[in-house]
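Before any comments, here is the structure.
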Amino acid sequence: MYHEIAEDLIRAIEAGNFHDKLPTEQQLMKQYAVSRNTIRRAIDVVYQRGLLRRVQGSGYFINQTQLENKATLNLSFGVGKKLLAGGILTSKVVTFDRVKAGEIDLASRLRIDADLDLYRIFRLRYLNAQLYCYEQAYYMRDVIPFLSTDSINSSILDFVRDTYDIEISSSENFISQVSLEPDQAELLHAPVGTLKMMLEQVSYSKNNVPFNFSRTIYDYPGLNFYFHSAHLASN
């Protein structure tokens with residue numbers, strides 16, 4: 001229940017329904033007809049995603065800096081959530097086929113059988129019609145037996161959630177600087193060897209089983225990486 005409330009609060013914050021701060025716990029308890037503990041857990045989720053600032057004795061204030069910076073990748077949101085504060089993402093598919101995990105050296109990385117079938121989707125992504133990133137993603141076909149053409153041109157994770165009722169519970173994120181290889185350089189219209197920031201993600205479903213793996217090379221001017229850390233002793 002608290003996750004649903006948290007997502008509702010996030011949508012309200014992004015829509016600008018709260019000007020400076022969240023309503024009080026009492027007001028939220030009345031609005032959602034739930035206990036104080038449920039509201040506090042929901043607020044913790046929103047806080048951990050970097051959308052709130054906690055001020056002792058005054059409540060939770062909206063993190064306007066995070067909301068207003070349209071070129072910020074919010075890693076606190078986790079995989080499967082909207083990472084950017086704003087804008088429209090579109091895709092141009094470069095590759096959509098099937099491979100074996102062993103063929104691309106992912107079997108040991110994901111702790112899966114080398115003969116496991118994977119969907120391979122390479123696509124260029126555009127933010128408000130400007131080149132944003134080059135994404136190389138792999139999805140386990142024993143979990144996701146079918147991906148539609150529409151889904152790979154829009155949001156694959158939305159399709160997975162709506163079609164298979166699969167939510168991703170956690171991810172491992174690795175940020176590094178890489179030199180563009182010839183095929184990457186050609187797609188990104190940059191010289192071979194150009195340095196770019198890359199985010200690797202290993203995603204897990206609720207039973208802690210690897211769900212997908214992706215490498216995303218970013219090519220958007222002024223892009224920032226944001227991560228919110230919090231003291232979690234109360235959890």
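Chains: A, B, ... in order of the structure tokens. Residues: from 1 per chain. Ligands: from 1, in order shown.
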Quick one: everything within 8 Å of region 171-177 of chain A, counting only C-alpha atoms, minus sequence neighbours fewer than 6 positions away in the same chain. Send it as a list in words.
Gly78, Val79, Leu195, Lys196, Met197, Met198, Leu199, Glu200, Gln201, Val202, Ser203 and Tyr204 of chain A
Could you save those same residues with N, CA and C atoms as a PDB file, in the first residue's frame?
ATOM      1  N   GLY A  78      15.906   4.528  -9.423  1.00  0.00           N
ATOM      2  CA  GLY A  78      15.991   3.087  -9.665  1.00  0.00           C
ATOM      3  C   GLY A  78      15.566   2.721 -11.076  1.00  0.00           C
ATOM      4  N   VAL A  79      15.941   1.531 -11.484  1.00  0.00           N
ATOM      5  CA  VAL A  79      15.620   1.074 -12.818  1.00  0.00           C
ATOM      6  C   VAL A  79      14.109   0.907 -12.959  1.00  0.00           C
ATOM      7  N   LEU A 195      35.797  10.134 -25.475  1.00  0.00           N
ATOM      8  CA  LEU A 195      35.407   9.690 -24.143  1.00  0.00           C
ATOM      9  C   LEU A 195      33.956  10.064 -23.855  1.00  0.00           C
ATOM     10  N   LYS A 196      33.179   9.093 -23.365  1.00  0.00           N
ATOM     11  CA  LYS A 196      31.780   9.311 -22.999  1.00  0.00           C
ATOM     12  C   LYS A 196      31.500   8.627 -21.668  1.00  0.00           C
ATOM     13  N   MET A 197      30.443   9.075 -20.995  1.00  0.00           N
ATOM     14  CA  MET A 197      30.010   8.432 -19.758  1.00  0.00           C
ATOM     15  C   MET A 197      29.080   7.276 -20.093  1.00  0.00           C
ATOM     16  N   MET A 198      29.299   6.129 -19.426  1.00  0.00           N
ATOM     17  CA  MET A 198      28.477   4.951 -19.646  1.00  0.00           C
ATOM     18  C   MET A 198      27.911   4.453 -18.320  1.00  0.00           C
ATOM     19  N   LEU A 199      26.628   4.084 -18.356  1.00  0.00           N
ATOM     20  CA  LEU A 199      25.974   3.488 -17.198  1.00  0.00           C
ATOM     21  C   LEU A 199      25.632   2.039 -17.528  1.00  0.00           C
ATOM     22  N   GLU A 200      26.179   1.111 -16.728  1.00  0.00           N
ATOM     23  CA  GLU A 200      25.811  -0.294 -16.832  1.00  0.00           C
ATOM     24  C   GLU A 200      24.830  -0.618 -15.719  1.00  0.00           C
ATOM     25  N   GLN A 201      23.768  -1.355 -16.058  1.00  0.00           N
ATOM     26  CA  GLN A 201      22.773  -1.729 -15.056  1.00  0.00           C
ATOM     27  C   GLN A 201      22.461  -3.216 -15.142  1.00  0.00           C
ATOM     28  N   VAL A 202      22.462  -3.862 -13.986  1.00  0.00           N
ATOM     29  CA  VAL A 202      21.954  -5.220 -13.855  1.00  0.00           C
ATOM     30  C   VAL A 202      20.678  -5.099 -13.036  1.00  0.00           C
ATOM     31  N   SER A 203      19.557  -5.549 -13.589  1.00  0.00           N
ATOM     32  CA  SER A 203      18.260  -5.382 -12.935  1.00  0.00           C
ATOM     33  C   SER A 203      17.758  -6.707 -12.396  1.00  0.00           C
ATOM     34  N   TYR A 204      17.066  -6.631 -11.256  1.00  0.00           N
ATOM     35  CA  TYR A 204      16.577  -7.833 -10.582  1.00  0.00           C
ATOM     36  C   TYR A 204      15.074  -7.737 -10.347  1.00  0.00           C
TER      37      TYR A 204
END
For the structure I just gave you, how does DSSP split region 87-185 of chain A - specifically, which residues are strand (DSSP E)? Reply as a ChimeraX atom specification.
/A:89-100,117-127,130-140,168-179
By how many Å are CA of Ser148 (chain A) and CA of Arg111 (chain A) apart?
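For CA of Ser148 (chain A) relative to CA of Arg111 (chain A), the distance reads 26.5 Å.
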For Tyr32 (chain A), find every residue with an atom within 10 Å (counting only C-alpha atoms), except residues of its own chain fewer than 4 positions away, and show them as a PyMOL selection string.
chain A and resi 1-2+5+27-28+38-39
Residues as selected, N, CA and C atoms, written as a PDB file, in the first residue's frame, can you do that?
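See again11.pdb below for the written result:
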ATOM      1  N   MET A   1       0.813  -1.203   0.000  1.00  0.00           N
ATOM      2  CA  MET A   1       0.000   0.000   0.000  1.00  0.00           C
ATOM      3  C   MET A   1       0.858   1.270   0.000  1.00  0.00           C
ATOM      4  N   TYR A   2       1.924   1.263   0.808  1.00  0.00           N
ATOM      5  CA  TYR A   2       2.740   2.477   0.895  1.00  0.00           C
ATOM      6  C   TYR A   2       3.460   2.787  -0.404  1.00  0.00           C
ATOM      7  N   ILE A   5       1.023   4.716  -2.538  1.00  0.00           N
ATOM      8  CA  ILE A   5       0.927   6.091  -2.057  1.00  0.00           C
ATOM      9  C   ILE A   5       2.158   6.885  -2.455  1.00  0.00           C
ATOM     10  N   GLN A  27      -2.580  15.159   7.624  1.00  0.00           N
ATOM     11  CA  GLN A  27      -3.356  15.440   6.419  1.00  0.00           C
ATOM     12  C   GLN A  27      -3.279  14.287   5.420  1.00  0.00           C
ATOM     13  N   LEU A  28      -2.087  13.712   5.282  1.00  0.00           N
ATOM     14  CA  LEU A  28      -1.924  12.595   4.351  1.00  0.00           C
ATOM     15  C   LEU A  28      -2.626  11.340   4.869  1.00  0.00           C
ATOM     16  N   THR A  38       2.140   3.744   7.663  1.00  0.00           N
ATOM     17  CA  THR A  38       2.072   3.605   6.205  1.00  0.00           C
ATOM     18  C   THR A  38       2.488   4.896   5.518  1.00  0.00           C
ATOM     19  N   ILE A  39       2.021   6.030   6.024  1.00  0.00           N
ATOM     20  CA  ILE A  39       2.391   7.319   5.444  1.00  0.00           C
ATOM     21  C   ILE A  39       3.887   7.575   5.583  1.00  0.00           C
TER      22      ILE A  39
END
